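Source file: target.csv. Holds: CSV, C-alpha atoms.
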```csv
chain,number,residue,atom,x,y,z
A,1,MET,CA,0.0,0.0,0.0
A,2,LEU,CA,2.9,2.3,0.7
A,3,ASP,CA,4.2,1.8,-2.8
A,4,LYS,CA,0.7,2.7,-4.2
A,5,VAL,CA,0.8,6.0,-2.2
A,6,LYS,CA,4.3,6.8,-3.5
A,7,SER,CA,3.0,6.1,-7.1
A,8,LEU,CA,0.1,8.6,-6.6
A,9,PHE,CA,2.5,11.2,-5.2
A,10,SER,CA,4.5,11.0,-8.4
A,11,GLU,CA,1.4,11.1,-10.6
A,12,ILE,CA,0.0,14.2,-8.9
A,13,LYS,CA,3.3,16.1,-9.0
A,14,ASP,CA,3.7,15.3,-12.7
A,15,THR,CA,0.2,16.2,-13.8
A,16,SER,CA,-0.4,19.1,-16.1
A,17,ALA,CA,-3.6,20.4,-17.7
A,18,LYS,CA,-4.3,22.5,-20.8
A,19,THR,CA,-8.1,22.5,-20.7
A,20,GLU,CA,-10.9,22.7,-18.3
A,21,GLU,CA,-11.8,19.1,-19.1
A,22,GLU,CA,-8.4,17.8,-18.0
A,23,ILE,CA,-8.6,19.7,-14.7
A,24,GLU,CA,-12.1,18.2,-14.1
A,25,GLN,CA,-10.7,14.7,-14.7
A,26,PHE,CA,-8.0,15.4,-12.2
A,27,ARG,CA,-10.5,16.7,-9.7
A,28,LEU,CA,-12.8,13.6,-10.0
A,29,LYS,CA,-9.8,11.2,-9.6
A,30,PHE,CA,-8.2,12.9,-6.6
A,31,ILE,CA,-10.7,15.2,-5.0
A,32,GLY,CA,-14.2,14.0,-5.9
A,33,ARG,CA,-16.4,11.9,-3.6
A,34,ASN,CA,-15.2,8.5,-4.8
A,35,ASN,CA,-11.6,9.4,-5.4
A,36,VAL,CA,-8.6,7.1,-5.1
A,37,ILE,CA,-7.3,8.7,-1.9
A,38,ASN,CA,-10.6,8.0,-0.1
A,39,GLU,CA,-10.3,4.4,-1.2
A,40,LEU,CA,-6.8,4.2,0.4
A,41,PHE,CA,-8.2,5.7,3.6
A,42,GLY,CA,-10.8,2.8,3.5
A,43,GLU,CA,-8.1,0.2,3.1
A,44,PHE,CA,-6.1,1.9,5.9
A,45,LYS,CA,-8.4,0.3,8.5
A,46,SER,CA,-7.1,-3.2,7.6
A,47,VAL,CA,-3.4,-2.3,7.6
A,48,PRO,CA,-1.3,-3.9,10.3
A,49,SER,CA,-0.7,-1.6,13.2
A,50,ASP,CA,3.1,-1.5,12.7
A,51,GLN,CA,2.6,0.1,9.2
A,52,LYS,CA,0.0,2.7,10.2
A,53,ARG,CA,2.5,5.0,11.9
A,54,GLU,CA,4.3,5.5,8.6
A,55,LEU,CA,1.3,5.2,6.3
A,56,GLY,CA,-1.1,7.6,8.1
A,57,PRO,CA,1.0,10.8,7.7
A,58,ALA,CA,1.7,9.8,4.1
A,59,LEU,CA,-2.0,9.6,3.2
A,60,ASN,CA,-2.7,13.0,4.8
A,61,GLU,CA,0.2,14.5,2.9
A,62,LEU,CA,-1.2,13.0,-0.3
A,63,LYS,CA,-4.6,14.5,0.3
A,64,VAL,CA,-3.1,18.0,0.9
A,65,LEU,CA,-0.9,17.6,-2.2
A,66,ALA,CA,-3.9,16.8,-4.4
A,67,ALA,CA,-5.9,19.9,-3.2
A,68,THR,CA,-2.9,22.2,-3.7
A,69,LYS,CA,-2.3,20.8,-7.2
A,70,LEU,CA,-5.9,21.4,-8.2
A,71,LYS,CA,-5.6,25.1,-7.2
A,72,GLU,CA,-2.3,25.4,-9.2
A,73,LEU,CA,-3.8,23.9,-12.3
A,74,SER,CA,-6.9,26.2,-12.2
A,75,ALA,CA,-4.8,29.3,-11.6
A,76,SER,CA,-2.4,28.4,-14.4
A,77,LEU,CA,-5.2,27.9,-16.9
A,78,ASN,CA,-7.0,31.2,-15.8
A,79,SER,CA,-3.8,33.3,-16.1
A,80,LYS,CA,-2.7,31.7,-19.4
A,81,GLU,CA,-2.1,34.5,-22.0
A,82,VAL,CA,-4.3,34.3,-25.1
A,83,SER,CA,-2.3,33.8,-28.2
A,84,SER,CA,-2.8,36.4,-30.9
A,85,ALA,CA,-3.6,33.5,-33.2
A,86,ASP,CA,-6.8,32.9,-31.0
A,87,VAL,CA,-8.0,36.5,-31.6
A,88,ASP,CA,-9.7,38.0,-34.6
A,89,VAL,CA,-7.8,41.3,-34.8
A,90,THR,CA,-10.3,42.6,-37.4
A,91,LEU,CA,-13.1,42.7,-34.9
A,92,PRO,CA,-14.1,46.1,-33.5
A,93,GLY,CA,-12.9,47.0,-30.1
A,94,ILE,CA,-15.1,47.4,-27.0
A,95,TYR,CA,-16.4,51.0,-27.1
A,96,ALA,CA,-16.3,52.8,-23.8
A,97,MET,CA,-18.9,55.6,-23.8
A,98,GLU,CA,-17.6,59.0,-22.9
A,99,GLY,CA,-19.6,61.1,-20.6
A,100,SER,CA,-20.3,64.8,-21.1
A,101,ILE,CA,-21.5,67.8,-19.1
A,102,HIS,CA,-25.3,68.3,-19.1
A,103,PRO,CA,-26.3,71.2,-21.4
A,104,ILE,CA,-28.0,73.0,-18.4
A,105,SER,CA,-24.7,72.7,-16.4
A,106,GLN,CA,-22.8,74.0,-19.4
A,107,THR,CA,-25.0,77.1,-19.7
A,108,ARG,CA,-25.0,77.6,-16.0
A,109,SER,CA,-21.1,77.6,-15.9
A,110,ARG,CA,-21.0,80.0,-18.9
A,111,ILE,CA,-23.4,82.4,-17.2
A,112,ILE,CA,-21.4,82.3,-14.0
A,113,GLU,CA,-18.2,82.9,-15.9
A,114,ILE,CA,-19.5,86.0,-17.6
A,115,PHE,CA,-20.8,87.6,-14.4
A,116,GLU,CA,-17.7,86.7,-12.4
A,117,ARG,CA,-15.7,88.7,-14.9
A,118,GLN,CA,-18.0,91.7,-14.1
A,119,GLY,CA,-17.1,91.3,-10.4
A,120,PHE,CA,-20.1,89.3,-9.2
A,121,ASN,CA,-19.8,86.7,-6.4
A,122,VAL,CA,-21.7,83.4,-6.5
A,123,GLU,CA,-24.1,82.9,-3.6
A,124,ASP,CA,-26.2,79.8,-2.7
A,125,GLY,CA,-29.1,79.1,-0.4
A,126,PRO,CA,-31.7,76.5,0.7
A,127,GLU,CA,-34.2,75.1,-1.7
A,128,ILE,CA,-36.7,74.7,1.2
A,129,ASP,CA,-37.4,78.0,2.9
A,130,ASN,CA,-40.0,80.0,4.8
A,131,ASP,CA,-42.6,82.3,3.5
A,132,TRP,CA,-40.7,85.4,4.7
A,133,ASN,CA,-37.6,84.9,2.7
A,134,ASN,CA,-39.5,83.7,-0.4
A,135,PHE,CA,-42.4,86.1,-0.5
A,136,THR,CA,-43.0,88.6,2.3
A,137,ALA,CA,-39.6,90.2,2.5
A,138,LEU,CA,-39.8,90.7,-1.3
A,139,ASN,CA,-42.9,92.9,-1.0
A,140,PHE,CA,-45.4,90.0,-1.5
A,141,PRO,CA,-48.0,90.8,1.3
A,142,LYS,CA,-50.4,88.1,2.4
A,143,ASN,CA,-53.1,87.5,-0.2
A,144,HIS,CA,-51.3,89.7,-2.8
A,145,PRO,CA,-52.4,88.8,-6.3
A,146,ALA,CA,-48.8,88.5,-7.4
A,147,ARG,CA,-48.4,85.3,-5.4
A,148,GLU,CA,-50.8,83.6,-7.8
A,149,MET,CA,-48.2,84.1,-10.5
A,150,GLN,CA,-46.1,81.5,-8.7
A,151,ASP,CA,-48.1,78.4,-7.9
A,152,THR,CA,-46.2,77.1,-4.9
A,153,TYR,CA,-45.4,73.7,-3.3
A,154,PHE,CA,-46.1,74.2,0.4
A,155,ILE,CA,-44.5,71.6,2.8
A,156,GLU,CA,-46.0,73.0,6.0
A,157,LYS,CA,-48.6,75.6,7.0
A,158,ASP,CA,-48.4,78.0,9.9
A,159,PRO,CA,-45.6,78.7,9.7
A,160,ASP,CA,-45.4,78.4,5.9
A,161,ILE,CA,-42.5,76.2,4.8
A,162,LEU,CA,-42.2,75.8,1.0
A,163,LEU,CA,-40.1,74.8,-1.9
A,164,ARG,CA,-38.6,78.1,-3.2
A,165,THR,CA,-40.3,79.4,-6.3
A,166,HIS,CA,-37.3,81.6,-7.3
A,167,THR,CA,-33.7,82.1,-6.1
A,168,SER,CA,-34.7,85.5,-4.7
A,169,ASN,CA,-34.8,83.8,-1.2
A,170,VAL,CA,-31.0,83.9,-1.5
A,171,GLN,CA,-31.1,87.6,-2.1
A,172,THR,CA,-33.2,88.3,1.1
A,173,ARG,CA,-30.8,86.1,3.2
A,174,LEU,CA,-27.8,87.9,1.7
A,175,MET,CA,-29.1,91.4,2.3
A,176,LYS,CA,-30.0,90.5,6.0
A,177,ALA,CA,-26.5,88.9,6.6
A,178,LYS,CA,-24.3,91.4,4.7
A,179,LYS,CA,-24.0,95.1,4.5
A,180,PRO,CA,-23.7,96.9,1.1
A,181,PRO,CA,-22.0,96.9,-1.2
A,182,ILE,CA,-23.4,93.7,-2.6
A,183,ARG,CA,-22.7,92.3,-6.1
A,184,SER,CA,-23.8,88.7,-6.4
A,185,ILE,CA,-25.6,86.2,-8.6
A,186,MET,CA,-27.7,83.3,-7.3
A,187,PRO,CA,-27.9,80.2,-9.5
A,188,GLY,CA,-30.0,77.3,-8.5
A,189,ARG,CA,-33.0,75.0,-8.9
A,190,VAL,CA,-36.6,76.3,-8.2
A,191,TYR,CA,-40.0,74.7,-8.1
A,192,ARG,CA,-43.5,75.6,-9.2
A,193,ASN,CA,-46.7,73.6,-9.3
A,194,GLU,CA,-47.2,73.7,-13.1
A,195,ALA,CA,-48.4,71.2,-15.6
A,196,ILE,CA,-45.4,69.7,-17.4
A,197,SER,CA,-45.3,70.6,-21.1
A,198,ALA,CA,-42.9,71.5,-23.8
A,199,ARG,CA,-42.7,75.1,-22.4
A,200,ALA,CA,-43.1,74.5,-18.6
A,201,HIS,CA,-42.0,72.1,-15.9
A,202,CYS,CA,-42.5,71.6,-12.1
A,203,PHE,CA,-38.8,72.4,-11.6
A,204,PHE,CA,-36.3,74.5,-13.5
A,205,HIS,CA,-33.1,76.5,-13.0
A,206,GLN,CA,-32.6,80.2,-12.5
A,207,VAL,CA,-29.8,82.7,-12.2
A,208,GLU,CA,-30.7,85.8,-10.4
A,209,GLY,CA,-28.5,88.8,-9.8
A,210,LEU,CA,-28.4,91.5,-7.1
A,211,VAL,CA,-26.4,94.7,-6.9
A,212,VAL,CA,-26.9,97.1,-3.9
A,213,GLY,CA,-24.7,100.1,-3.1
A,214,GLU,CA,-24.7,103.9,-3.2
A,215,ASN,CA,-25.8,105.7,-6.3
A,216,ILE,CA,-26.8,102.5,-8.2
A,217,SER,CA,-28.9,103.5,-11.2
A,218,PHE,CA,-31.0,101.9,-13.9
A,219,LYS,CA,-28.2,102.7,-16.3
A,220,ASP,CA,-26.0,100.3,-14.3
A,221,LEU,CA,-28.6,97.6,-14.8
A,222,LYS,CA,-28.8,98.1,-18.5
A,223,ASN,CA,-25.1,98.1,-19.0
A,224,THR,CA,-24.7,94.9,-17.0
A,225,LEU,CA,-27.3,93.0,-19.0
A,226,TYR,CA,-26.0,94.6,-22.3
A,227,HIS,CA,-22.5,93.2,-21.6
A,228,PHE,CA,-23.9,89.8,-20.6
A,229,SER,CA,-26.0,89.5,-23.8
A,230,LYS,CA,-23.1,90.2,-26.1
A,231,GLU,CA,-20.9,87.7,-24.3
A,232,MET,CA,-23.6,85.0,-24.2
A,233,PHE,CA,-25.2,85.4,-27.6
A,234,GLY,CA,-22.7,87.3,-29.8
A,235,LYS,CA,-21.2,90.7,-30.3
A,236,ASP,CA,-23.9,91.9,-32.6
A,237,THR,CA,-26.7,91.3,-30.1
A,238,LYS,CA,-28.9,94.3,-29.2
A,239,ILE,CA,-31.1,94.6,-26.1
A,240,ARG,CA,-34.4,96.4,-25.4
A,241,LEU,CA,-36.2,97.0,-22.1
A,242,ARG,CA,-40.0,96.7,-22.0
A,243,PRO,CA,-41.9,98.1,-19.0
A,244,SER,CA,-43.3,95.3,-16.8
A,245,TYR,CA,-44.4,94.7,-13.2
A,246,PHE,CA,-42.7,92.7,-10.4
A,247,PRO,CA,-43.6,93.2,-6.7
A,248,PHE,CA,-39.9,93.4,-5.7
A,249,THR,CA,-38.7,96.0,-8.2
A,250,GLU,CA,-39.8,99.5,-9.2
A,251,PRO,CA,-39.4,100.4,-12.0
A,252,SER,CA,-39.4,96.9,-13.6
A,253,ALA,CA,-38.6,95.8,-17.2
A,254,GLU,CA,-38.5,92.7,-19.3
A,255,ILE,CA,-35.2,92.2,-21.2
A,256,ASP,CA,-35.3,91.3,-24.8
A,257,ILE,CA,-32.4,90.6,-27.1
A,258,SER,CA,-32.3,90.8,-30.9
A,259,CYS,CA,-32.8,87.3,-32.4
A,260,PHE,CA,-29.4,85.9,-33.0
A,261,ILE,CA,-30.9,83.2,-35.3
A,262,CYS,CA,-32.5,85.5,-37.9
A,263,GLY,CA,-30.6,88.7,-37.1
A,264,GLY,CA,-33.9,90.5,-36.4
A,265,SER,CA,-35.7,89.7,-39.7
A,266,GLY,CA,-38.2,87.2,-38.1
A,267,CYS,CA,-38.2,83.5,-37.6
A,268,LYS,CA,-39.9,80.7,-35.6
A,269,ILE,CA,-37.6,81.2,-32.6
A,270,CYS,CA,-38.5,84.9,-32.2
A,271,LYS,CA,-42.1,84.3,-33.4
A,272,GLN,CA,-41.4,86.6,-36.4
A,273,THR,CA,-40.9,89.6,-34.0
A,274,GLY,CA,-37.1,89.8,-34.3
A,275,TRP,CA,-36.8,89.8,-30.5
A,276,VAL,CA,-36.6,87.1,-27.8
A,277,GLU,CA,-37.2,87.6,-24.1
A,278,ILE,CA,-34.4,86.4,-21.8
A,279,ALA,CA,-34.9,88.0,-18.3
A,280,GLY,CA,-36.9,90.1,-16.0
A,281,SER,CA,-35.3,93.0,-14.1
A,282,GLY,CA,-35.7,96.3,-12.3
A,283,MET,CA,-34.6,98.6,-9.5
A,284,VAL,CA,-34.9,97.0,-6.0
A,285,ASP,CA,-38.1,98.3,-4.4
A,286,PRO,CA,-37.2,100.4,-1.3
A,287,ASN,CA,-39.6,98.2,0.8
A,288,VAL,CA,-37.5,95.2,0.0
A,289,LEU,CA,-34.3,97.0,1.2
A,290,GLU,CA,-36.0,98.1,4.4
A,291,ASN,CA,-37.4,94.6,5.1
A,292,CYS,CA,-33.9,93.3,4.9
A,293,GLY,CA,-32.4,96.0,7.2
A,294,ILE,CA,-30.9,98.2,4.5
A,295,ASP,CA,-31.4,102.0,4.6
A,296,SER,CA,-33.2,102.8,1.4
A,297,THR,CA,-32.5,106.5,1.7
A,298,LYS,CA,-28.7,105.7,1.5
A,299,TYR,CA,-28.6,102.7,-0.8
A,300,SER,CA,-30.2,101.6,-4.0
A,301,GLY,CA,-29.9,98.5,-6.2
A,302,PHE,CA,-31.0,96.5,-9.1
A,303,ALA,CA,-31.9,92.9,-9.6
A,304,PHE,CA,-32.5,90.5,-12.5
A,305,GLY,CA,-33.4,86.9,-13.1
A,306,MET,CA,-33.4,84.5,-16.0
A,307,GLY,CA,-34.2,80.9,-16.6
A,308,ILE,CA,-31.2,78.7,-17.5
A,309,GLU,CA,-33.4,76.4,-19.5
A,310,ARG,CA,-34.7,79.4,-21.5
A,311,VAL,CA,-31.2,80.5,-22.3
A,312,THR,CA,-30.1,77.0,-23.2
A,313,MET,CA,-33.1,76.5,-25.5
A,314,LEU,CA,-32.4,79.7,-27.3
A,315,LYS,CA,-28.7,78.9,-27.6
A,316,TYR,CA,-29.2,75.4,-29.1
A,317,GLN,CA,-32.5,76.2,-30.9
A,318,LEU,CA,-34.5,73.6,-28.8
A,319,ASP,CA,-38.3,73.6,-28.6
A,320,ASP,CA,-39.1,71.1,-25.8
A,321,LEU,CA,-38.1,71.8,-22.1
A,322,ARG,CA,-38.7,68.2,-21.1
A,323,LEU,CA,-35.6,67.0,-23.0
A,324,PHE,CA,-33.4,68.4,-20.2
A,325,SER,CA,-34.8,66.1,-17.6
A,326,GLU,CA,-35.6,62.9,-19.5
A,327,ASN,CA,-32.0,61.5,-19.5
A,328,ASP,CA,-32.3,60.4,-23.1
A,329,ILE,CA,-28.7,59.5,-24.1
A,330,ARG,CA,-29.6,60.2,-27.8
A,331,PHE,CA,-30.3,63.8,-26.8
A,332,LEU,CA,-27.6,64.3,-24.2
A,333,LYS,CA,-24.7,62.9,-26.2
A,334,GLN,CA,-25.0,65.8,-28.7
A,335,PHE,CA,-23.5,68.0,-26.1
```
Could you render the structure as structure tokens?
Amino acid sequence: MLDKVKSLFSEIKDTSAKTEEEIEQFRLKFIGRNNVINELFGEFKSVPSDQKRELGPALNELKVLAATKLKELSASLNSKEVSSADVDVTLPGIYAMEGSIHPISQTRSRIIEIFERQGFNVEDGPEIDNDWNNFTALNFPKNHPAREMQDTYFIEKDPDILLRTHTSNVQTRLMKAKKPPIRSIMPGRVYRNEAISARAHCFFHQVEGLVVGENISFKDLKNTLYHFSKEMFGKDTKIRLRPSYFPFTEPSAEIDISCFICGGSGCKICKQTGWVEIAGSGMVDPNVLENCGIDSTKYSGFAFGMGIERVTMLKYQLDDLRLFSENDIRFLKQF
């Protein structure tokens, strides 16, 4: 029996395998349930006592050797380098898709870059805020009709906690926390309870701007937006201001730019008018300054706000707002 054990030692050590089938044959013979080593352990019971002292350790060593050899054979086969002869080099490689920056993020970054060069800081604030910061401090009294212009998601009532409807809540927080001069923009996501369509969504992105200081005039507002429009849409861009109404500014104006698609001759983008609206603006109402602890007799300021989706749609000539949030790779990979 000892000679048989020695023979199996030699066989295991000399075994090599080039395929999975050969490894499986080795496993069945030396590791499987009815393997030859188990048969020897069965015969070991009838071996004379004087031989067991030498044969027992040899059998245990043989069992360990078989398990070790199986691991070596498997590892060797898995790590075997594939020959170039086994590969069709004419097949296309595996394409790794490259990501890109979302068009809204691209436009947001570009807007921030333009205003930072004009000396504006970037400020941020909470998307969940109270009624005071979102409405009342901005000259929206309770039951004011202007509140109906912004259909709001309320989280709690008494006190009113809500999803901000504009990034103006960052303006009120900034004016309460910092003394003039102030020169900042406030990009961020806002929410309104609107039916989702090609032109509206329940959430969108804004960039608002605020300048407060001594002797700030409407001319400063116009020059700021004039410079922005030329940087964003091209050097030949013209702007016009149309009188409008906002509770937090007086006087107020809508900002239009000359259509950079048709050059002002009229097209579907500008609805044949030669102009497209990009922002609302105006001089900060004295009541807003006073509500935020700023002396309106000493300081004045202007504010503006624009939708990032709106600017992006104009820039890329898109006609459906929903494309920005549907995560369709066919759309996004264009950017």
Can you tell me which residues surround Ala66 (chain A) at a distance of at most 9 Å, considering only C-alpha atoms, apart from same-chain residues fewer than 2 positions away, and format the answer as a list in words? Phe9, Ile12, Lys13, Phe26, Arg27, Phe30, Ile31, Glu61, Leu62, Lys63, Val64, Thr68, Lys69, Leu70 and Lys71 of chain A
Now that the selection is made, can you save its residues with C-alpha atoms as a PDB file, in the frame of the given file?
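The file below, selection_15.pdb, is the result:
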```pdb
ATOM      1  CA  PHE A   9       2.500  11.200  -5.200  1.00  0.00           C
ATOM      2  CA  ILE A  12       0.000  14.200  -8.900  1.00  0.00           C
ATOM      3  CA  LYS A  13       3.300  16.100  -9.000  1.00  0.00           C
ATOM      4  CA  PHE A  26      -8.000  15.400 -12.200  1.00  0.00           C
ATOM      5  CA  ARG A  27     -10.500  16.700  -9.700  1.00  0.00           C
ATOM      6  CA  PHE A  30      -8.200  12.900  -6.600  1.00  0.00           C
ATOM      7  CA  ILE A  31     -10.700  15.200  -5.000  1.00  0.00           C
ATOM      8  CA  GLU A  61       0.200  14.500   2.900  1.00  0.00           C
ATOM      9  CA  LEU A  62      -1.200  13.000  -0.300  1.00  0.00           C
ATOM     10  CA  LYS A  63      -4.600  14.500   0.300  1.00  0.00           C
ATOM     11  CA  VAL A  64      -3.100  18.000   0.900  1.00  0.00           C
ATOM     12  CA  THR A  68      -2.900  22.200  -3.700  1.00  0.00           C
ATOM     13  CA  LYS A  69      -2.300  20.800  -7.200  1.00  0.00           C
ATOM     14  CA  LEU A  70      -5.900  21.400  -8.200  1.00  0.00           C
ATOM     15  CA  LYS A  71      -5.600  25.100  -7.200  1.00  0.00           C
TER      16      LYS A  71
END
```
So, counting all atoms listed in the file, which residue among A:Glu290, A:Asp14, A:Glu194, A:Asp88 is closest to Thr152 (chain A)?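 Between A:Glu290, A:Asp14, A:Glu194, A:Asp88, the residue approaching Thr152 (chain A) most closely is A:Glu194.
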I want to know what sits within 9 Å of Tyr226 (chain A), based on all atoms listed in the file, with residues of the same chain fewer than 4 positions away left out; could you give that as a PyMOL selection string? chain A and resi 221-222+230-231+237-239+257
Between CA of Val288 (chain A) and CA of Lys142 (chain A), what distance in Å does the model show, to one decimal?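 According to the coordinates, CA of Val288 (chain A) and CA of Lys142 (chain A) are separated by 14.9 Å.
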Might you pull out every residue within 9 Å of region 169-174 of chain A, with only C-alpha atoms counted and same-chain residues fewer than 2 positions away left off, and present them as a PyMOL selection string? chain A and resi 123-127+129-130+132-135+137-138+164-167+176-179+182+184-186+208-210+288-289+291-292
In Å, with one decimal, what is the gap from CA of Arg183 (chain A) to CA of Thr312 (chain A)?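 Taking CA of Arg183 (chain A) as the start and CA of Thr312 (chain A) as the end point, the length is 24.1 Å.
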Near-Gln150 (chain A) list (8 Å; only C-alpha atoms; drop same-chain fewer than 2 positions) as a PyMOL selection string: chain A and resi 146-148+152+165+192-193
Please identify all polymer residues within 10 Å of Leu73 (chain A), counting only C-alpha atoms, omitting same-chain residues fewer than 2 positions from it, and present them as a PyMOL selection string. chain A and resi 15-20+22-23+26+68-71+75-78
Work out how far CA of Pro180 (chain A) is from CA of Gly307 (chain A), in Å to one decimal.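 The value is 26.1 Å.
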Pick from A:Gln51, A:Asn143, A:Gln206, A:Gln118 nearest to Gly188 (chain A), counting all atoms listed in the file: A:Gln206
Pick from A:Val190, A:Met306, A:Met97, A:Met175 nearest to Leu162 (chain A), counting all atoms listed in the file: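 Counting all atoms listed in the file, the residue closest to Leu162 (chain A) is A:Val190.
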